[in-house]
file work-v1.pdb (PDB, C-alpha atoms)
ATOM      1  CA  MET K   1       7.139  15.155 -17.693
ATOM      2  CA  ALA K   2       7.696  17.082 -14.480
ATOM      3  CA  ASP K   3      11.403  16.188 -14.530
ATOM      4  CA  GLN K   4      11.794  17.380 -18.077
ATOM      5  CA  LEU K   5      10.046  20.628 -17.224
ATOM      6  CA  SER K   6      12.320  21.118 -14.228
ATOM      7  CA  ARG K   7      15.301  20.775 -16.552
ATOM      8  CA  VAL K   8      13.706  23.164 -19.036
ATOM      9  CA  PHE K   9      13.094  25.793 -16.390
ATOM     10  CA  ALA K  10      16.577  25.330 -14.928
ATOM     11  CA  ALA K  11      18.116  25.629 -18.384
ATOM     12  CA  LEU K  12      16.208  28.844 -19.025
ATOM     13  CA  ALA K  13      17.150  30.359 -15.668
ATOM     14  CA  ASP K  14      20.419  31.589 -17.231
ATOM     15  CA  PRO K  15      20.300  34.851 -19.240
ATOM     16  CA  THR K  16      22.830  33.708 -21.876
ATOM     17  CA  ARG K  17      20.858  30.535 -22.497
ATOM     18  CA  ARG K  18      17.604  32.495 -22.759
ATOM     19  CA  ASP K  19      19.310  34.746 -25.281
ATOM     20  CA  LEU K  20      20.548  31.750 -27.289
ATOM     21  CA  VAL K  21      17.024  30.341 -27.337
ATOM     22  CA  ALA K  22      15.589  33.692 -28.403
ATOM     23  CA  ARG K  23      18.003  33.839 -31.323
ATOM     24  CA  LEU K  24      17.231  30.252 -32.330
ATOM     25  CA  THR K  25      13.524  31.070 -32.612
ATOM     26  CA  ALA K  26      14.447  33.009 -35.776
ATOM     27  CA  THR K  27      16.571  30.362 -37.501
ATOM     28  CA  ASP K  28      18.920  27.429 -36.950
ATOM     29  CA  ALA K  29      22.545  28.455 -36.377
ATOM     30  CA  THR K  30      25.935  26.849 -35.898
ATOM     31  CA  VAL K  31      27.788  26.998 -32.591
ATOM     32  CA  ASN K  32      30.277  29.464 -34.093
ATOM     33  CA  GLU K  33      27.486  31.723 -35.340
ATOM     34  CA  LEU K  34      25.797  31.581 -31.954
ATOM     35  CA  ALA K  35      29.038  32.368 -30.090
ATOM     36  CA  GLU K  36      29.941  35.349 -32.264
ATOM     37  CA  PRO K  37      28.099  38.193 -30.448
ATOM     38  CA  TYR K  38      29.263  37.119 -26.987
ATOM     39  CA  ASP K  39      32.387  38.132 -25.146
ATOM     40  CA  VAL K  40      33.010  34.511 -24.116
ATOM     41  CA  SER K  41      34.699  31.531 -25.707
ATOM     42  CA  VAL K  42      33.040  29.176 -28.156
ATOM     43  CA  GLN K  43      33.629  26.478 -25.537
ATOM     44  CA  ALA K  44      31.561  28.420 -23.007
ATOM     45  CA  ILE K  45      28.715  28.712 -25.510
ATOM     46  CA  SER K  46      29.049  24.992 -26.262
ATOM     47  CA  LYS K  47      28.559  24.290 -22.564
ATOM     48  CA  HIS K  48      25.399  26.410 -22.514
ATOM     49  CA  LEU K  49      24.133  24.598 -25.602
ATOM     50  CA  LYS K  50      24.804  21.266 -23.903
ATOM     51  CA  VAL K  51      22.545  22.286 -21.016
ATOM     52  CA  LEU K  52      19.843  23.314 -23.484
ATOM     53  CA  GLU K  53      20.308  20.043 -25.364
ATOM     54  CA  GLU K  54      20.007  17.963 -22.187
ATOM     55  CA  ALA K  55      16.792  19.775 -21.380
ATOM     56  CA  GLY K  56      15.486  18.809 -24.797
ATOM     57  CA  LEU K  57      15.214  22.432 -25.871
ATOM     58  CA  VAL K  58      17.614  22.182 -28.804
ATOM     59  CA  THR K  59      19.048  19.474 -31.029
ATOM     60  CA  LYS K  60      22.089  19.420 -33.269
ATOM     61  CA  SER K  61      21.334  18.434 -36.815
ATOM     62  CA  ARG K  62      23.356  15.497 -38.154
ATOM     63  CA  LYS K  63      22.688  16.445 -41.737
ATOM     64  CA  ALA K  64      25.220  19.167 -42.273
ATOM     65  CA  GLN K  65      28.938  19.138 -41.488
ATOM     66  CA  THR K  66      28.496  22.281 -39.397
ATOM     67  CA  ARG K  67      25.780  20.592 -37.289
ATOM     68  CA  PRO K  68      23.487  23.612 -36.933
ATOM     69  CA  VAL K  69      21.556  23.939 -33.664
ATOM     70  CA  HIS K  70      17.785  23.609 -33.959
ATOM     71  CA  LEU K  71      15.180  24.785 -31.467
ATOM     72  CA  GLU K  72      12.616  22.156 -30.453
ATOM     73  CA  ALA K  73       9.456  24.215 -30.527
ATOM     74  CA  GLU K  74       7.191  21.583 -28.931
ATOM     75  CA  VAL K  75       9.051  21.889 -25.623
ATOM     76  CA  PHE K  76       7.892  25.467 -25.524
ATOM     77  CA  ASP K  77       4.365  24.258 -25.982
ATOM     78  CA  LEU K  78       4.758  22.521 -22.612
ATOM     79  CA  MET K  79       5.875  25.787 -21.051
ATOM     80  CA  THR K  80       2.962  27.534 -22.660
ATOM     81  CA  ALA K  81       0.791  24.904 -20.993
ATOM     82  CA  TRP K  82       2.278  25.768 -17.576
ATOM     83  CA  ILE K  83       1.632  29.434 -18.090
ATOM     84  CA  GLU K  84      -1.883  28.778 -19.350
ATOM     85  CA  ARG K  85      -2.617  26.675 -16.267
ATOM     86  CA  TYR K  86      -1.372  29.475 -14.043
ATOM     87  CA  ARG K  87      -3.551  31.923 -15.964
ATOM     88  CA  ARG K  88      -6.589  29.723 -15.536
ATOM     89  CA  ARG K  89      -6.041  29.539 -11.798
ATOM     90  CA  ALA K  90      -5.870  33.344 -11.711
ATOM     91  CA  GLU K  91      -9.054  33.496 -13.766
ATOM     92  CA  GLN K  92     -10.825  31.136 -11.330
ATOM     93  CA  ARG K  93      -9.713  33.315  -8.441
ATOM     94  CA  TYR K  94     -10.969  36.446 -10.189
ATOM     95  CA  ARG K  95     -14.338  34.842 -10.947
ATOM     96  CA  ARG K  96     -14.744  34.312  -7.217
ATOM     97  CA  LEU K  97     -13.794  37.976  -6.811
ATOM     98  CA  ASP K  98     -16.491  38.897  -9.380
ATOM     99  CA  ALA K  99     -19.055  37.186  -7.164
ATOM    100  CA  VAL K 100     -17.801  38.986  -4.047
ATOM    101  CA  LEU K 101     -17.920  42.353  -5.840
ATOM    102  CA  ALA K 102     -21.477  41.643  -7.008
ATOM    103  CA  ASP K 103     -22.483  40.936  -3.396
ATOM    104  CA  MET K 104     -20.846  44.173  -2.257
ATOM    105  CA  LYS K 105     -22.737  46.159  -4.891
ATOM    106  CA  ASP K 106     -26.029  44.551  -3.861
ATOM    107  CA  ALA K 107     -25.345  45.384  -0.222
ATOM    108  CA  GLU K 108     -24.588  49.006  -1.135
ATOM    109  CA  ALA K 109     -27.705  49.240  -3.309
ATOM    110  CA  ASP K 110     -29.827  47.856  -0.463
ATOM    111  CA  ARG K 111     -28.364  50.370   1.957
ATOM    112  CA  LEU K 112     -28.877  53.310  -0.412
ATOM    113  CA  GLY K 113     -32.326  52.029  -1.364
ATOM    114  CA  SER K 114     -33.522  51.778   2.231
ATOM    115  CA  SER K 115     -32.548  55.384   2.965
ATOM    116  CA  THR K 116     -34.564  56.884   0.084
ATOM    117  CA  THR K 117     -37.419  54.457  -0.478
ATOM    118  CA  PRO K 118     -39.394  52.131   1.765
ATOM    119  CA  PRO K 119     -37.839  48.702   2.142
ATOM    120  CA  GLN K 120     -38.939  46.323  -0.564
ATOM    121  CA  GLU K 121     -40.292  43.083   0.712
ATOM    122  CA  GLY K 122     -38.439  40.024  -0.384
ATOM    123  CA  ARG K 123     -35.564  42.072  -1.667
ATOM    124  CA  ALA K 124     -32.866  41.065   0.725
ATOM    125  CA  SER K 125     -32.178  37.384   1.051
TER     126      SER K 125
ATOM    127  CA  MET J 126     -23.922  41.608 -12.358
ATOM    128  CA  SER J 127     -23.443  42.120 -16.067
ATOM    129  CA  THR J 128     -24.240  39.178 -18.266
ATOM    130  CA  THR J 129     -21.983  40.354 -21.074
ATOM    131  CA  THR J 130     -18.939  38.228 -21.744
ATOM    132  CA  LYS J 131     -15.898  39.758 -20.145
ATOM    133  CA  ALA J 132     -12.338  39.272 -21.250
ATOM    134  CA  GLU J 133     -10.575  36.656 -19.152
ATOM    135  CA  ALA J 134      -7.386  37.260 -17.239
ATOM    136  CA  THR J 135      -4.282  37.742 -19.353
ATOM    137  CA  ILE J 136      -0.802  36.755 -18.178
ATOM    138  CA  THR J 137       2.744  37.493 -19.234
ATOM    139  CA  ALA J 138       5.904  35.905 -17.911
ATOM    140  CA  ASP J 139       8.631  38.402 -18.696
ATOM    141  CA  GLU J 140      11.649  37.066 -20.610
ATOM    142  CA  LYS J 141      14.181  39.460 -19.093
ATOM    143  CA  LEU J 142      12.913  39.835 -15.512
ATOM    144  CA  PRO J 143      11.604  37.208 -13.068
ATOM    145  CA  VAL J 144       8.173  38.795 -13.238
ATOM    146  CA  ILE J 145       4.636  37.546 -13.722
ATOM    147  CA  ARG J 146       2.047  40.098 -14.811
ATOM    148  CA  ILE J 147      -1.686  39.512 -14.803
ATOM    149  CA  SER J 148      -4.452  41.868 -15.809
ATOM    150  CA  ARG J 149      -8.216  41.456 -15.587
ATOM    151  CA  ASP J 150     -11.258  43.736 -15.969
ATOM    152  CA  PHE J 151     -14.007  43.928 -13.341
ATOM    153  CA  ASP J 152     -17.519  45.382 -13.170
ATOM    154  CA  ALA J 153     -16.715  47.438 -10.105
ATOM    155  CA  THR J 154     -15.023  50.646  -9.022
ATOM    156  CA  PRO J 155     -11.374  50.832  -7.953
ATOM    157  CA  ALA J 156     -12.619  51.572  -4.410
ATOM    158  CA  GLN J 157     -14.723  48.396  -4.371
ATOM    159  CA  LEU J 158     -11.750  46.367  -5.589
ATOM    160  CA  MET J 159      -9.524  47.925  -2.921
ATOM    161  CA  ARG J 160     -12.094  46.896  -0.311
ATOM    162  CA  ALA J 161     -12.349  43.329  -1.666
ATOM    163  CA  HIS J 162      -8.556  43.086  -1.340
ATOM    164  CA  LEU J 163      -8.217  44.732   2.074
ATOM    165  CA  ASP J 164     -11.304  43.608   4.017
ATOM    166  CA  PRO J 165     -10.220  40.278   5.562
ATOM    167  CA  ASP J 166     -13.678  38.654   5.384
ATOM    168  CA  LEU J 167     -14.175  39.593   1.737
ATOM    169  CA  PHE J 168     -10.601  38.668   0.807
ATOM    170  CA  ALA J 169     -10.865  35.202   2.404
ATOM    171  CA  ARG J 170     -13.902  34.437   0.242
ATOM    172  CA  TRP J 171     -12.065  34.631  -3.073
ATOM    173  CA  VAL J 172      -8.298  34.328  -2.656
ATOM    174  CA  GLY J 173      -8.051  30.524  -2.748
ATOM    175  CA  PRO J 174      -5.942  28.554  -3.602
ATOM    176  CA  ASP J 175      -8.593  26.575  -5.416
ATOM    177  CA  GLY J 176     -10.520  24.149  -3.322
ATOM    178  CA  MET J 177      -9.147  25.384  -0.020
ATOM    179  CA  ASP J 178     -10.619  27.290   2.893
ATOM    180  CA  THR J 179      -8.779  30.439   3.852
ATOM    181  CA  LYS J 180      -8.367  31.504   7.466
ATOM    182  CA  ILE J 181      -7.022  34.988   8.103
ATOM    183  CA  ASP J 182      -4.531  34.925  10.976
ATOM    184  CA  VAL J 183      -2.957  38.418  10.970
ATOM    185  CA  TRP J 184      -4.362  41.362   9.018
ATOM    186  CA  ASP J 185      -2.892  44.758   9.876
ATOM    187  CA  VAL J 186      -3.966  47.031   7.036
ATOM    188  CA  ARG J 187      -1.536  49.959   7.123
ATOM    189  CA  ASP J 188       1.773  50.910   5.509
ATOM    190  CA  GLY J 189       4.234  48.503   7.138
ATOM    191  CA  GLY J 190       1.554  46.286   8.661
ATOM    192  CA  SER J 191       1.811  42.528   8.254
ATOM    193  CA  TRP J 192      -0.610  39.897   7.064
ATOM    194  CA  ARG J 193      -0.802  36.122   7.310
ATOM    195  CA  TYR J 194      -3.380  33.615   6.210
ATOM    196  CA  VAL J 195      -3.602  29.852   6.145
ATOM    197  CA  ALA J 196      -5.187  27.880   3.339
ATOM    198  CA  GLY J 197      -6.309  24.410   4.326
ATOM    199  CA  ARG J 198      -7.927  21.284   3.002
ATOM    200  CA  ASP J 199      -8.281  17.831   4.547
ATOM    201  CA  GLY J 200      -6.034  18.699   7.494
ATOM    202  CA  GLU J 201      -3.241  20.010   5.263
ATOM    203  CA  GLU J 202      -2.374  23.638   5.838
ATOM    204  CA  TYR J 203      -0.363  26.111   3.794
ATOM    205  CA  GLY J 204       0.667  29.390   5.382
ATOM    206  CA  PHE J 205       1.284  32.589   3.449
ATOM    207  CA  ARG J 206       2.553  35.825   4.899
ATOM    208  CA  GLY J 207       3.943  39.188   4.001
ATOM    209  CA  CYS J 208       3.811  42.881   4.655
ATOM    210  CA  PHE J 209       1.520  45.609   3.365
ATOM    211  CA  HIS J 210       4.375  47.827   2.326
ATOM    212  CA  ARG J 211       2.192  50.591   0.950
ATOM    213  CA  ILE J 212      -1.540  51.092   0.609
ATOM    214  CA  GLY J 213      -2.424  53.968  -1.693
ATOM    215  CA  ALA J 214      -5.753  55.176  -3.075
ATOM    216  CA  ASP J 215      -5.704  52.679  -5.942
ATOM    217  CA  VAL J 216      -2.561  50.635  -5.346
ATOM    218  CA  ILE J 217      -1.400  47.941  -2.933
ATOM    219  CA  VAL J 218       2.314  47.135  -2.674
ATOM    220  CA  GLN J 219       3.064  44.072  -0.587
ATOM    221  CA  THR J 220       5.518  41.279  -0.033
ATOM    222  CA  PHE J 221       4.428  37.678  -0.405
ATOM    223  CA  THR J 222       6.002  34.486   0.954
ATOM    224  CA  TRP J 223       4.787  30.909   1.015
ATOM    225  CA  GLU J 224       5.937  29.574   4.386
ATOM    226  CA  GLY J 225       7.011  26.311   2.731
ATOM    227  CA  MET J 226       9.845  28.301   1.133
ATOM    228  CA  PRO J 227      10.430  30.921   3.827
ATOM    229  CA  ASP J 228      13.553  32.452   2.242
ATOM    230  CA  ASP J 229      11.763  33.239  -1.026
ATOM    231  CA  VAL J 230       9.846  36.454  -1.243
ATOM    232  CA  SER J 231       8.102  38.212  -4.090
ATOM    233  CA  LEU J 232       7.136  41.854  -4.331
ATOM    234  CA  GLU J 233       3.564  42.325  -5.492
ATOM    235  CA  THR J 234       2.134  45.510  -6.902
ATOM    236  CA  ILE J 235      -1.622  45.503  -7.462
ATOM    237  CA  ARG J 236      -2.937  48.584  -9.232
ATOM    238  CA  PHE J 237      -6.551  49.432 -10.066
ATOM    239  CA  GLU J 238      -7.130  51.505 -13.171
ATOM    240  CA  ALA J 239     -10.573  53.072 -13.655
ATOM    241  CA  LEU J 240     -11.688  52.442 -17.234
ATOM    242  CA  PRO J 241     -13.270  55.239 -19.280
ATOM    243  CA  GLY J 242     -16.440  53.254 -19.998
ATOM    244  CA  GLY J 243     -16.859  52.187 -16.345
ATOM    245  CA  GLY J 244     -15.326  49.193 -14.663
ATOM    246  CA  THR J 245     -11.796  48.730 -13.443
ATOM    247  CA  ARG J 246      -8.725  47.034 -14.837
ATOM    248  CA  LEU J 247      -6.622  45.201 -12.262
ATOM    249  CA  HIS J 248      -2.887  45.071 -12.960
ATOM    250  CA  ALA J 249      -1.020  42.627 -10.715
ATOM    251  CA  GLN J 250       2.737  42.299 -10.966
ATOM    252  CA  SER J 251       4.764  39.759  -8.998
ATOM    253  CA  LEU J 252       8.514  40.326  -8.968
ATOM    254  CA  CYS J 253      10.266  37.180  -7.745
ATOM    255  CA  ASP J 254      13.830  37.099  -6.440
ATOM    256  CA  SER J 255      15.044  34.647  -9.101
ATOM    257  CA  PHE J 256      13.946  33.008 -12.329
ATOM    258  CA  GLU J 257      13.940  29.686 -10.440
ATOM    259  CA  GLY J 258      11.519  31.178  -7.914
ATOM    260  CA  ARG J 259       9.307  32.667 -10.603
ATOM    261  CA  ASP J 260       9.194  29.437 -12.575
ATOM    262  CA  ALA J 261       8.467  27.439  -9.433
ATOM    263  CA  TRP J 262       5.406  29.642  -9.016
ATOM    264  CA  LEU J 263       4.343  29.040 -12.577
ATOM    265  CA  ARG J 264       4.739  25.296 -12.031
ATOM    266  CA  SER J 265       3.095  25.224  -8.615
ATOM    267  CA  GLY J 266      -0.373  23.841  -8.240
ATOM    268  CA  MET J 267       0.112  21.323 -11.039
ATOM    269  CA  GLU J 268      -0.317  18.659  -8.359
ATOM    270  CA  VAL J 269      -3.580  20.121  -7.093
ATOM    271  CA  GLY J 270      -6.467  18.525  -8.926
ATOM    272  CA  VAL J 271      -8.003  21.015 -11.285
ATOM    273  CA  ASN J 272     -11.456  19.538 -10.724
ATOM    274  CA  GLN J 273     -11.393  20.374  -7.030
ATOM    275  CA  GLY J 274     -10.707  23.967  -7.961
ATOM    276  CA  TYR J 275     -13.592  24.085 -10.374
ATOM    277  CA  ALA J 276     -15.880  22.571  -7.740
ATOM    278  CA  LYS J 277     -15.209  25.495  -5.408
ATOM    279  CA  LEU J 278     -15.830  27.946  -8.221
ATOM    280  CA  ASP J 279     -19.066  26.186  -9.071
ATOM    281  CA  ARG J 280     -20.217  26.431  -5.460
ATOM    282  CA  VAL J 281     -19.560  30.157  -5.336
ATOM    283  CA  LEU J 282     -21.346  30.708  -8.627
ATOM    284  CA  ALA J 283     -24.226  28.430  -7.580
ATOM    285  CA  ASP J 284     -24.620  30.396  -4.328
ATOM    286  CA  GLY J 285     -25.202  33.330  -6.599
ATOM    287  CA  VAL J 286     -25.373  37.006  -6.027
ATOM    288  CA  GLY J 287     -27.603  36.823  -2.959
ATOM    289  CA  ALA J 288     -25.319  34.505  -0.981
TER     290      ALA J 288
END
call {"tool": "encode", "arguments": {"input": "work-v1.pdb", "output": "structure tokens"}}
result
Amino acid sequence: MADQLSRVFAALADPTRRDLVARLTATDATVNELAEPYDVSVQAISKHLKVLEEAGLVTKSRKAQTRPVHLEAEVFDLMTAWIERYRRRAEQRYRRLDAVLADMKDAEADRLGSSTTPPQEGRAS
Amino acid sequence: MSTTTKAEATITADEKLPVIRISRDFDATPAQLMRAHLDPDLFARWVGPDGMDTKIDVWDVRDGGSWRYVAGRDGEEYGFRGCFHRIGADVIVQTFTWEGMPDDVSLETIRFEALPGGGTRLHAQSLCDSFEGRDAWLRSGMEVGVNQGYAKLDRVLADGVGA
């Protein structure tokens, strides 16, 4: 799984390939259709599509003569999983920060409290 | 500490730039959040990575000052370093490098936005120097057992507010 994800991330490191993927999220398209907006040859776009295909991001349908390119959505679910894991780690970190901030507020309250009212027994731990 | 359910951290990985953005709300003032980020003892208590102890090595809090800390577990150590490029009233701009990949550096901007109803929204942006670098960050930590991370979190929460 890690190898496949490495290929996925490598494939998506190129701006043209990210653009191709973005366009394929809308609908399947033939190589010629995909190449049309770019100022490069159809062959160049074919090469990009080959990289995407090897990463498992797209497949070419065998049904139609034109062999339209299809985006494999489940691969993106794996990427979503990476990002969600990263988010969870950030959330864990920020929960620790919540605890630190709560301690800081308690310390400030104790300091303010002791200057205006007599110290409360058993307050500070 | 408030017992109401807070929104968890949200994350976006930009499609067009090698950027990761995270935001998260806190029951604290921007000044308290600045302190929790800039006071070395406070910072070491929460930064992680999960399940690791953090030792602050260099901590020169000023525009242009450098920082370095080492996260360790079971004799393994991971060094991180960078430079406090700019410390404003409610913003920290710094560079960040994991010493395992010393040529890779990200630019981090951490901004604290006071919310109208009280509390503060943290906006953290990491700009990496390539998509490969950014995605390596997103992938990193997969190897680290998630349970060990939760154990550390549990300990902090169990220690409670009076720790």
call {"tool": "resolve_selection", "arguments": {"input": "work-v1.pdb", "expression": "the PyMOL selection byres ((chain J and resi 150-159) around 6)", "output": "list in words"}}
result
Arg149, Arg160, Ala161, His162, Phe237, Gly244, Thr245 and Arg246 of chain J
call {"tool": "resolve_selection", "arguments": {"input": "work-v1.pdb", "expression": "the PyMOL selection byres ((chain K and resi 8) around 8)", "output": "list in words"}}
result
Gln4, Leu5, Ser6, Arg7, Phe9, Ala10, Ala11, Leu12, Leu52, Ala55, Gly56 and Leu57 of chain K
call {"tool": "write_last_selection", "arguments": {"input": "work-v1.pdb", "atoms": "C-alpha atoms", "output": "mmCIF file, keeping the file's coordinate frame"}}
result
data_model
loop_
_atom_site.group_PDB
_atom_site.id
_atom_site.type_symbol
_atom_site.label_atom_id
_atom_site.label_comp_id
_atom_site.auth_asym_id
_atom_site.auth_seq_id
_atom_site.Cartn_x
_atom_site.Cartn_y
_atom_site.Cartn_z
ATOM 1 C CA GLN K 4 11.794 17.380 -18.077
ATOM 2 C CA LEU K 5 10.046 20.628 -17.224
ATOM 3 C CA SER K 6 12.320 21.118 -14.228
ATOM 4 C CA ARG K 7 15.301 20.775 -16.552
ATOM 5 C CA PHE K 9 13.094 25.793 -16.390
ATOM 6 C CA ALA K 10 16.577 25.330 -14.928
ATOM 7 C CA ALA K 11 18.116 25.629 -18.384
ATOM 8 C CA LEU K 12 16.208 28.844 -19.025
ATOM 9 C CA LEU K 52 19.843 23.314 -23.484
ATOM 10 C CA ALA K 55 16.792 19.775 -21.380
ATOM 11 C CA GLY K 56 15.486 18.809 -24.797
ATOM 12 C CA LEU K 57 15.214 22.432 -25.871
#
call {"tool": "resolve_selection", "arguments": {"input": "work-v1.pdb", "expression": "the PyMOL selection byres ((chain K) within 8 of (chain J))", "output": "ChimeraX atom specification"}}
result
/K:9-10,13,15,18,82-83,85-104,106,124-125
call {"tool": "write_last_selection", "arguments": {"input": "work-v1.pdb", "atoms": "C-alpha atoms", "output": "PDB file, keeping the file's coordinate frame"}}
result
ATOM      1  CA  PHE K   9      13.094  25.793 -16.390  1.00  0.00           C
ATOM      2  CA  ALA K  10      16.577  25.330 -14.928  1.00  0.00           C
ATOM      3  CA  ALA K  13      17.150  30.359 -15.668  1.00  0.00           C
ATOM      4  CA  PRO K  15      20.300  34.851 -19.240  1.00  0.00           C
ATOM      5  CA  ARG K  18      17.604  32.495 -22.759  1.00  0.00           C
ATOM      6  CA  TRP K  82       2.278  25.768 -17.576  1.00  0.00           C
ATOM      7  CA  ILE K  83       1.632  29.434 -18.090  1.00  0.00           C
ATOM      8  CA  ARG K  85      -2.617  26.675 -16.267  1.00  0.00           C
ATOM      9  CA  TYR K  86      -1.372  29.475 -14.043  1.00  0.00           C
ATOM     10  CA  ARG K  87      -3.551  31.923 -15.964  1.00  0.00           C
ATOM     11  CA  ARG K  88      -6.589  29.723 -15.536  1.00  0.00           C
ATOM     12  CA  ARG K  89      -6.041  29.539 -11.798  1.00  0.00           C
ATOM     13  CA  ALA K  90      -5.870  33.344 -11.711  1.00  0.00           C
ATOM     14  CA  GLU K  91      -9.054  33.496 -13.766  1.00  0.00           C
ATOM     15  CA  GLN K  92     -10.825  31.136 -11.330  1.00  0.00           C
ATOM     16  CA  ARG K  93      -9.713  33.315  -8.441  1.00  0.00           C
ATOM     17  CA  TYR K  94     -10.969  36.446 -10.189  1.00  0.00           C
ATOM     18  CA  ARG K  95     -14.338  34.842 -10.947  1.00  0.00           C
ATOM     19  CA  ARG K  96     -14.744  34.312  -7.217  1.00  0.00           C
ATOM     20  CA  LEU K  97     -13.794  37.976  -6.811  1.00  0.00           C
ATOM     21  CA  ASP K  98     -16.491  38.897  -9.380  1.00  0.00           C
ATOM     22  CA  ALA K  99     -19.055  37.186  -7.164  1.00  0.00           C
ATOM     23  CA  VAL K 100     -17.801  38.986  -4.047  1.00  0.00           C
ATOM     24  CA  LEU K 101     -17.920  42.353  -5.840  1.00  0.00           C
ATOM     25  CA  ALA K 102     -21.477  41.643  -7.008  1.00  0.00           C
ATOM     26  CA  ASP K 103     -22.483  40.936  -3.396  1.00  0.00           C
ATOM     27  CA  MET K 104     -20.846  44.173  -2.257  1.00  0.00           C
ATOM     28  CA  ASP K 106     -26.029  44.551  -3.861  1.00  0.00           C
ATOM     29  CA  ALA K 124     -32.866  41.065   0.725  1.00  0.00           C
ATOM     30  CA  SER K 125     -32.178  37.384   1.051  1.00  0.00           C
TER      31      SER K 125
END
call {"tool": "residues_around", "arguments": {"input": "work-v1.pdb", "residues": "Asn32 (chain K)", "least_positions_apart": "3", "cutoff": "7 Å", "atoms": "all atoms listed in the file", "output": "JSON, numbers by chain"}}
result
{"K": [35, 36, 42]}
call {"tool": "residues_near_point", "arguments": {"input": "work-v1.pdb", "point": "(11.1, 32.0, -1.0)", "cutoff": "10 Å", "atoms": "all atoms listed in the file", "output": "list in words"}}
result
Phe221, Thr222, Trp223, Glu224, Gly225, Met226, Pro227, Asp228, Asp229, Val230, Ser231, Cys253, Asp254, Ser255, Gly258, Arg259 and Ala261 of chain J
call {"tool": "residues_around", "arguments": {"input": "work-v1.pdb", "residues": "region 184-186 of chain J", "least_positions_apart": "4", "cutoff": "9 Å", "atoms": "all atoms listed in the file", "output": "PDB file with C-alpha atoms, keeping the file's coordinate frame"}}
result
ATOM      1  CA  LEU J 163      -8.217  44.732   2.074  1.00  0.00           C
ATOM      2  CA  ASP J 164     -11.304  43.608   4.017  1.00  0.00           C
ATOM      3  CA  PRO J 165     -10.220  40.278   5.562  1.00  0.00           C
ATOM      4  CA  GLY J 190       1.554  46.286   8.661  1.00  0.00           C
ATOM      5  CA  SER J 191       1.811  42.528   8.254  1.00  0.00           C
ATOM      6  CA  TRP J 192      -0.610  39.897   7.064  1.00  0.00           C
ATOM      7  CA  ARG J 193      -0.802  36.122   7.310  1.00  0.00           C
ATOM      8  CA  TYR J 194      -3.380  33.615   6.210  1.00  0.00           C
ATOM      9  CA  CYS J 208       3.811  42.881   4.655  1.00  0.00           C
ATOM     10  CA  PHE J 209       1.520  45.609   3.365  1.00  0.00           C
ATOM     11  CA  ILE J 212      -1.540  51.092   0.609  1.00  0.00           C
TER      12      ILE J 212
END
call {"tool": "axis_aligned_box", "arguments": {"input": "work-v1.pdb", "around": "region 87-95 of chain K", "padding_each_side": "8 Å", "output": "lines of an AutoDock Vina configuration file"}}
result
center_x = -8.9
center_y = 33.0
center_z = -12.2
size_x = 26.8
size_y = 22.9
size_z = 23.5
call {"tool": "atom_distance", "arguments": {"input": "work-v1.pdb", "atom1": "CA of Met79 (chain K)", "atom2": "CA of Gln219 (chain J)"}}
result
27.6 Å
call {"tool": "closest_residue", "arguments": {"input": "work-v1.pdb", "among": "K:Thr80, K:Ser41, K:Thr16, K:Thr25", "to": "Val58 (chain K)", "atoms": "all atoms listed in the file"}}
result
K:Thr25
call {"tool": "closest_residue", "arguments": {"input": "work-v1.pdb", "among": "K:Val21, K:Val31, K:Arg111, K:Ser61", "to": "Ala44 (chain K)", "atoms": "all atoms listed in the file"}}
result
K:Val31
call {"tool": "atom_distance", "arguments": {"input": "work-v1.pdb", "atom1": "CA of Asp14 (chain K)", "atom2": "CA of His248 (chain J)"}}
result
27.3 Å
